Amino acid sequence: MGLKKNPNLMSKKVYIKTFGCQMNEYDSNRIYESVSKIGYKKTEICEEANCYILNTCHIRDKAKEKVYHEIGRVKKNFKLKEKPIVIVAGCVAQAENNEMVKREPYIDIVIGPQSYHKINELIFKYKKKKEKKEETDFDVISKFEYFDKIKNNNSKVSSFLTIQEGCDKFCKFCVVPYTRGPEYSRSFFKIIKEAKQLVQNGSKEITLLGQNVNAYQYEEKNKIFRLSDIIMKLEDITELKRIRYTTSHPLDMTEDLINCYKESKKLVSFVHLPIQSGSNKILKLMNRNHTVEYYFSVYEKLKKINPKIEFSSDFIIAYPGETEKDFEYTMQLIKKINFIHSYSFIFSPRPGTTASNLDLIDTNIAKERLKLIQNELFRNQSLKNKTKENKYVNVLVENRMSNQTKFFGRTEHMTPVIFKGPNEIEGKVVSVFITSSNKNNLFGEIKLNKNIRAA
C-alpha cells in the first residue's frame, strides 16, 4: 500500500485576479513573489486555491460592487470545498478598508497598495488566530525596501516596472491621492538593478510605471535623478529593445525628457499624455492646472524633436459644468491632434473626491456626447491603421496566441499586430507585412527576407 499524502505537507496554491491598470499587474506579480516565500505556488484555476487574492482598481465605475460580485462567485465556487483565505488588495481595499469585512464576512484580509510588504505576516496571523484584519497604512518606503530584497522573476517579453507611486496633483475627479498616497519615487540604482534582472529573465521591453511617472525625482549620491536619467541608463542595456513609460502629466513633460526622444534609440515614438478635456474652463474645474494651449505646446515640441511620435490620451466626457461649447472644444482638439489610441469615459463620481458631490449632466446627453467622441477617436484609429496596410512595420513579438498558429505583438505605437510567422520568434523585433486592419488591430505575415534580426 502506498503512503497517504500528508495534507499539511502538500503545496499551497494562490490564485490572484487582477483588475485595472498596469501598476496593478506589476503589484500582483510582486505579491506573488512575496507569498511564494511562504510556500504558495501560483495557480490559474480558482477552485484549486488555498489563498484567493483579488487585486482591485477604483478608477472605473462601480468598482466596489464588482468586487462584491467577484467574492460572490468565489463563495459559489467553494460552496462544497474548504474555504480559501480571501484577501482583497488594491485601491478599493484602501478606499473601503474595514467596511469591506463588515459588509462581506467571507473576506478575511483587506490590504491597501502601500502595505503589500505585510501580506505574509497577515496570512500567518490569520492562519494562527483566524482574526480578520485590514492593513491600509501609507508605508510606501518600507514596501519598496521589502520588495527590493525579493528577486523579480517575471520573464514576459514586455514587462512593467514601477518607479513612482502616488500623486500630488489632486485633480478633483481622481481618487489616486487617497488610495496611493503622496508622490514617492524609488531609488534610481534599485530601479536599474531590477530592470537588468527583468532583461536577464528575458524581457525585451520595459514600461516604466507611475501614477505620475514623469514627476519621478530621486536624490541619491549627491545627484538628482529624473525619468530622463532612467531612460538613458536603460539605453545601455544591450538586450533591451524598447523603453516606454506611463502615465504622464503635461506639467511634468520637462525639456530633459523631451530631449530623450532625440537622444534615445530605444525610447519608443509614442506618448500617452492625458488631457481629459479640450475646454480650458473644464480643465480649471478639474484642477488640472494647465491649459489646452500649454498641452498643445508640449505636443508641438515633441513633434518637432521627433515627427514620428504618436499620441494617445484620456478623456472624461460630461464632467459637471460641461456645456455643448465645452464639448465642442474637446472634439476640436481630437480632430487637431488625431490621437492614435485613446480612452474615453463618462464622468462617474468617486467617493471622497472633490467632484463626488457635483451635479451630474443628464445621462442621455452624456451618452450621446461619449458616442460622438468615440466615433471620432475610433475613426482616427481606423484611418491610422489603414495607412499601414501593404507596408512593413516593426513588431516586438510577445507570444504565440493561445490555440492558434498566429503570433501577437505590438508596434512601437502600441498597436496590436496579429500575424503568421515561423517558430522561435518570440522576443524578437520582426518586420511584418500588413495585409489588413480594423480600428483595433493590424493583421499580416512575416516575409522571411525582410525579417529584422534582434535578440
# chains A, B, ... in the order shown; residues from 1 in each chain; ligands from 1
$ residues_around --residues "Thr18 of chain A" --least-positions-apart "2" --cutoff "9 Å" --atoms "only C-alpha atoms" --output "list in words"
Ile16, Gly20, Cys21, Asn24, Glu25, Ser28, Ile53, Leu54, Asn55, Thr56 and Cys57 of chain A
$ residues_around --residues "Arg186 of chain A" --least-positions-apart "6" --cutoff "8 Å" --atoms "only C-alpha atoms" --output "JSON, numbers by chain"
{"A": [144, 163, 164, 218]}
$ write_last_selection --atoms "C-alpha atoms" --output "short mmCIF file (atom, residue, chain, number, x, y, z; two decimals), in the first residue's frame"
data_model
loop_
_atom_site.label_atom_id
_atom_site.label_comp_id
_atom_site.auth_asym_id
_atom_site.auth_seq_id
_atom_site.Cartn_x
_atom_site.Cartn_y
_atom_site.Cartn_z
CA PHE A 144 9.81 49.26 -1.60
CA ILE A 163 9.40 53.62 -10.48
CA GLN A 164 7.00 56.06 -8.79
CA TYR A 218 15.11 60.91 -6.52
#
$ residues_around --residues "Lys336 of chain A" --least-positions-apart "5" --cutoff "10 Å" --atoms "only C-alpha atoms" --output "list in words"
Phe296, Thr330 and Met331 of chain A
$ residues_around --residues "Pro182 of chain A" --least-positions-apart "3" --cutoff "8 Å" --atoms "only C-alpha atoms" --output "MDAnalysis selection string"
chainID A and resid 165:168 177
$ select_by_dssp --residues "segment 281-451 of chain A" --states "helix (DSSP H, G or I)" --output "ChimeraX atom specification"
/A:281-286,292-305,324-337,354-357,363-386,448-450
$ select_by_dssp --residues "segment 321-366 of chain A" --states "strand (DSSP E)" --output "count of residues only"
6
$ residues_around --residues "Val393 of chain A" --least-positions-apart "6" --cutoff "7 Å" --atoms "only C-alpha atoms" --output "PDB file with N, CA and C atoms, in the first residue's frame"
ATOM      1  N   THR A 411       3.385  47.240 -32.351  1.00  0.00           N
ATOM      2  CA  THR A 411       4.271  48.217 -32.958  1.00  0.00           C
ATOM      3  C   THR A 411       4.795  49.131 -31.855  1.00  0.00           C
ATOM      4  N   SER A 431       9.964  42.304 -38.886  1.00  0.00           N
ATOM      5  CA  SER A 431       9.262  43.141 -39.852  1.00  0.00           C
ATOM      6  C   SER A 431       8.066  42.364 -40.382  1.00  0.00           C
ATOM      7  N   VAL A 432       6.884  42.906 -40.156  1.00  0.00           N
ATOM      8  CA  VAL A 432       5.643  42.232 -40.547  1.00  0.00           C
ATOM      9  C   VAL A 432       4.986  43.010 -41.680  1.00  0.00           C
ATOM     10  N   PHE A 433       4.611  42.305 -42.726  1.00  0.00           N
ATOM     11  CA  PHE A 433       3.898  42.931 -43.844  1.00  0.00           C
ATOM     12  C   PHE A 433       2.409  42.952 -43.507  1.00  0.00           C
TER      13      PHE A 433
END
$ closest_residue --among "A:Asn98, A:Asn399, A:Asn364, A:Ser142" --to "Lys428 of chain A" --atoms "only C-alpha atoms"
A:Asn399
$ residues_around --residues "segment 38-46 of chain A" --least-positions-apart "3" --cutoff "12 Å" --atoms "only C-alpha atoms" --output "PDB file with C-alpha atoms, in the first residue's frame"
ATOM      1  CA  ASN A   8      -0.036  19.721   5.697  1.00  0.00           C
ATOM      2  CA  LEU A   9       2.962  18.927   3.500  1.00  0.00           C
ATOM      3  CA  MET A  10       1.172  19.465   0.212  1.00  0.00           C
ATOM      4  CA  SER A  11       1.995  22.686  -1.619  1.00  0.00           C
ATOM      5  CA  LYS A  12      -0.365  25.584  -1.022  1.00  0.00           C
ATOM      6  CA  LYS A  13      -1.786  27.366  -4.041  1.00  0.00           C
ATOM      7  CA  VAL A  14      -2.596  31.025  -4.565  1.00  0.00           C
ATOM      8  CA  TYR A  15      -4.920  32.472  -7.185  1.00  0.00           C
ATOM      9  CA  ILE A  16      -4.547  36.176  -7.966  1.00  0.00           C
ATOM     10  CA  LYS A  17      -7.144  38.034 -10.025  1.00  0.00           C
ATOM     11  CA  SER A  28       0.207  41.306  -8.426  1.00  0.00           C
ATOM     12  CA  ASN A  29       3.466  39.886  -9.712  1.00  0.00           C
ATOM     13  CA  ILE A  31       2.657  39.981  -4.298  1.00  0.00           C
ATOM     14  CA  TYR A  32       3.143  36.513  -5.737  1.00  0.00           C
ATOM     15  CA  GLU A  33       6.918  36.783  -5.343  1.00  0.00           C
ATOM     16  CA  SER A  34       6.262  37.580  -1.670  1.00  0.00           C
ATOM     17  CA  VAL A  35       3.773  34.795  -0.865  1.00  0.00           C
ATOM     18  CA  ALA A  49      -6.670  27.922  -4.406  1.00  0.00           C
ATOM     19  CA  ASN A  50      -5.877  27.826  -0.706  1.00  0.00           C
ATOM     20  CA  CYS A  51      -5.495  31.594  -0.881  1.00  0.00           C
ATOM     21  CA  TYR A  52      -7.554  33.817  -3.182  1.00  0.00           C
ATOM     22  CA  ILE A  53      -6.314  37.377  -3.777  1.00  0.00           C
ATOM     23  CA  LEU A  54      -8.370  39.988  -5.596  1.00  0.00           C
ATOM     24  CA  GLU A  70     -16.490  38.620  -7.618  1.00  0.00           C
ATOM     25  CA  ILE A  71     -16.491  37.492  -3.978  1.00  0.00           C
ATOM     26  CA  ARG A  73     -18.579  33.942  -7.391  1.00  0.00           C
ATOM     27  CA  VAL A  74     -15.781  32.701  -5.132  1.00  0.00           C
ATOM     28  CA  LYS A  75     -18.300  31.714  -2.452  1.00  0.00           C
ATOM     29  CA  LYS A  76     -20.232  29.749  -5.050  1.00  0.00           C
ATOM     30  CA  ASN A  77     -17.105  28.016  -6.381  1.00  0.00           C
ATOM     31  CA  PHE A  78     -16.076  26.927  -2.879  1.00  0.00           C
ATOM     32  CA  LYS A  81     -14.884  22.870  -0.726  1.00  0.00           C
ATOM     33  CA  LYS A  83     -12.807  27.902   2.101  1.00  0.00           C
ATOM     34  CA  PRO A  84      -9.602  29.631   0.956  1.00  0.00           C
ATOM     35  CA  VAL A  86      -9.760  35.533   0.874  1.00  0.00           C
ATOM     36  CA  ILE A 119       0.979  40.339   3.340  1.00  0.00           C
ATOM     37  CA  ASN A 120       2.957  37.289   4.521  1.00  0.00           C
ATOM     38  CA  GLU A 121       2.678  38.399   8.134  1.00  0.00           C
ATOM     39  CA  LEU A 122      -1.071  38.965   7.751  1.00  0.00           C
ATOM     40  CA  ILE A 123      -1.545  35.485   6.269  1.00  0.00           C
ATOM     41  CA  PHE A 124       0.406  33.880   9.134  1.00  0.00           C
TER      42      PHE A 124
END
$ atom_distance --atom1 "atom CA of Thr238 of chain A" --atom2 "atom CA of Ala195 of chain A"
12.0 Å
$ decode --residues "segment 118-244 of chain A" --atoms "C-alpha atoms" --output "CSV table (one decimal), in the first residue's frame"
chain,number,residue,atom,x,y,z
A,118,LYS,CA,3.0,42.9,5.2
A,119,ILE,CA,1.0,40.3,3.3
A,120,ASN,CA,3.0,37.3,4.5
A,121,GLU,CA,2.7,38.4,8.1
A,122,LEU,CA,-1.1,39.0,7.8
A,123,ILE,CA,-1.5,35.5,6.3
A,124,PHE,CA,0.4,33.9,9.1
A,125,LYS,CA,-1.6,35.8,11.7
A,126,TYR,CA,-4.9,34.8,10.1
A,127,LYS,CA,-4.0,31.1,9.9
A,128,LYS,CA,-3.0,31.2,13.6
A,129,LYS,CA,-5.8,33.2,15.1
A,130,LYS,CA,-8.5,33.3,12.4
A,131,GLU,CA,-8.7,37.0,13.2
A,132,LYS,CA,-9.8,39.2,10.3
A,133,LYS,CA,-7.5,42.2,9.6
A,134,GLU,CA,-7.3,45.3,7.5
A,135,GLU,CA,-4.0,47.0,6.7
A,136,THR,CA,-4.2,50.3,4.9
A,137,ASP,CA,-1.3,52.4,6.2
A,138,PHE,CA,0.7,54.5,3.8
A,139,ASP,CA,4.1,52.9,4.3
A,140,VAL,CA,5.5,53.1,0.8
A,141,ILE,CA,9.1,53.4,1.9
A,142,SER,CA,9.0,50.1,3.9
A,143,LYS,CA,7.1,48.5,1.0
A,144,PHE,CA,9.8,49.3,-1.6
A,145,GLU,CA,12.6,48.4,0.8
A,146,TYR,CA,11.0,45.0,1.3
A,147,PHE,CA,10.4,44.2,-2.3
A,148,ASP,CA,13.9,45.5,-3.3
A,149,LYS,CA,15.2,42.4,-1.5
A,150,ILE,CA,13.0,40.0,-3.4
A,151,LYS,CA,14.1,39.0,-6.9
A,152,ASN,CA,11.6,39.9,-9.6
A,153,ASN,CA,11.2,36.6,-11.6
A,154,ASN,CA,8.8,38.0,-14.2
A,155,SER,CA,10.0,36.7,-17.6
A,156,LYS,CA,7.5,38.2,-20.0
A,157,VAL,CA,8.8,39.7,-23.2
A,158,SER,CA,7.1,43.0,-22.3
A,159,SER,CA,7.4,43.8,-18.6
A,160,PHE,CA,6.2,46.5,-16.2
A,161,LEU,CA,8.5,48.2,-13.7
A,162,THR,CA,7.1,50.7,-11.1
A,163,ILE,CA,9.4,53.6,-10.5
A,164,GLN,CA,7.0,56.1,-8.8
A,165,GLU,CA,3.7,55.9,-6.9
A,166,GLY,CA,1.1,58.4,-5.7
A,167,CYS,CA,0.2,61.8,-6.9
A,168,ASP,CA,0.3,65.4,-5.5
A,169,LYS,CA,-1.8,66.9,-8.3
A,170,PHE,CA,-5.3,66.4,-6.7
A,171,CYS,CA,-7.4,66.6,-9.8
A,172,LYS,CA,-10.9,66.9,-8.4
A,173,PHE,CA,-12.2,63.8,-10.1
A,174,CYS,CA,-9.3,61.5,-9.1
A,175,VAL,CA,-9.1,59.1,-6.2
A,176,VAL,CA,-5.4,58.2,-6.6
A,177,PRO,CA,-4.0,60.6,-3.9
A,178,TYR,CA,-6.4,59.0,-1.5
A,179,THR,CA,-5.7,55.4,-2.4
A,180,ARG,CA,-2.0,55.5,-3.4
A,181,GLY,CA,-0.9,58.5,-1.2
A,182,PRO,CA,1.5,61.3,-2.0
A,183,GLU,CA,4.2,61.1,-4.7
A,184,TYR,CA,7.1,58.8,-3.9
A,185,SER,CA,10.0,57.9,-6.2
A,186,ARG,CA,12.1,54.8,-5.8
A,187,SER,CA,15.8,54.6,-5.7
A,188,PHE,CA,17.4,55.1,-9.1
A,189,PHE,CA,20.0,52.4,-8.6
A,190,LYS,CA,17.5,49.9,-7.4
A,191,ILE,CA,15.3,50.6,-10.4
A,192,ILE,CA,18.2,49.9,-12.7
A,193,LYS,CA,19.1,46.8,-10.8
A,194,GLU,CA,15.5,45.5,-11.2
A,195,ALA,CA,15.4,46.4,-14.9
A,196,LYS,CA,18.6,44.4,-15.5
A,197,GLN,CA,17.1,41.5,-13.7
A,198,LEU,CA,14.0,41.6,-15.9
A,199,VAL,CA,16.1,41.7,-19.1
A,200,GLN,CA,18.2,38.8,-17.7
A,201,ASN,CA,14.9,37.0,-17.3
A,202,GLY,CA,14.0,37.5,-20.9
A,203,SER,CA,12.3,40.9,-21.1
A,204,LYS,CA,12.9,42.8,-24.3
A,205,GLU,CA,10.6,45.8,-23.5
A,206,ILE,CA,10.2,47.6,-20.2
A,207,THR,CA,7.4,50.0,-19.4
A,208,LEU,CA,8.2,52.4,-16.5
A,209,LEU,CA,5.2,52.9,-14.4
A,210,GLY,CA,3.9,55.6,-12.1
A,211,GLN,CA,0.6,57.3,-11.3
A,212,ASN,CA,2.6,60.5,-12.3
A,213,VAL,CA,5.6,58.8,-13.8
A,214,ASN,CA,7.3,61.9,-15.3
A,215,ALA,CA,7.2,63.5,-11.9
A,216,TYR,CA,9.9,61.0,-10.9
A,217,GLN,CA,12.7,62.6,-8.9
A,218,TYR,CA,15.1,60.9,-6.5
A,219,GLU,CA,18.2,62.3,-4.9
A,220,GLU,CA,21.0,59.8,-4.5
A,221,LYS,CA,24.8,60.0,-4.2
A,222,ASN,CA,24.6,63.9,-4.4
A,223,LYS,CA,22.7,63.8,-7.7
A,224,ILE,CA,19.1,64.4,-8.5
A,225,PHE,CA,17.8,61.7,-10.9
A,226,ARG,CA,14.8,62.2,-13.1
A,227,LEU,CA,12.9,60.0,-15.6
A,228,SER,CA,15.2,61.0,-18.4
A,229,ASP,CA,18.2,59.6,-16.4
A,230,ILE,CA,16.4,56.3,-16.1
A,231,ILE,CA,15.7,56.1,-19.8
A,232,MET,CA,19.2,57.0,-20.8
A,233,LYS,CA,20.7,54.4,-18.3
A,234,LEU,CA,18.4,51.7,-19.7
A,235,GLU,CA,19.6,52.6,-23.1
A,236,ASP,CA,22.9,50.9,-22.2
A,237,ILE,CA,21.3,47.5,-21.6
A,238,THR,CA,22.2,45.7,-24.8
A,239,GLU,CA,19.4,43.0,-24.8
A,240,LEU,CA,16.7,45.6,-24.0
A,241,LYS,CA,15.0,46.7,-27.3
A,242,ARG,CA,12.2,49.1,-26.2
A,243,ILE,CA,11.5,51.5,-23.4
A,244,ARG,CA,8.1,53.0,-22.6
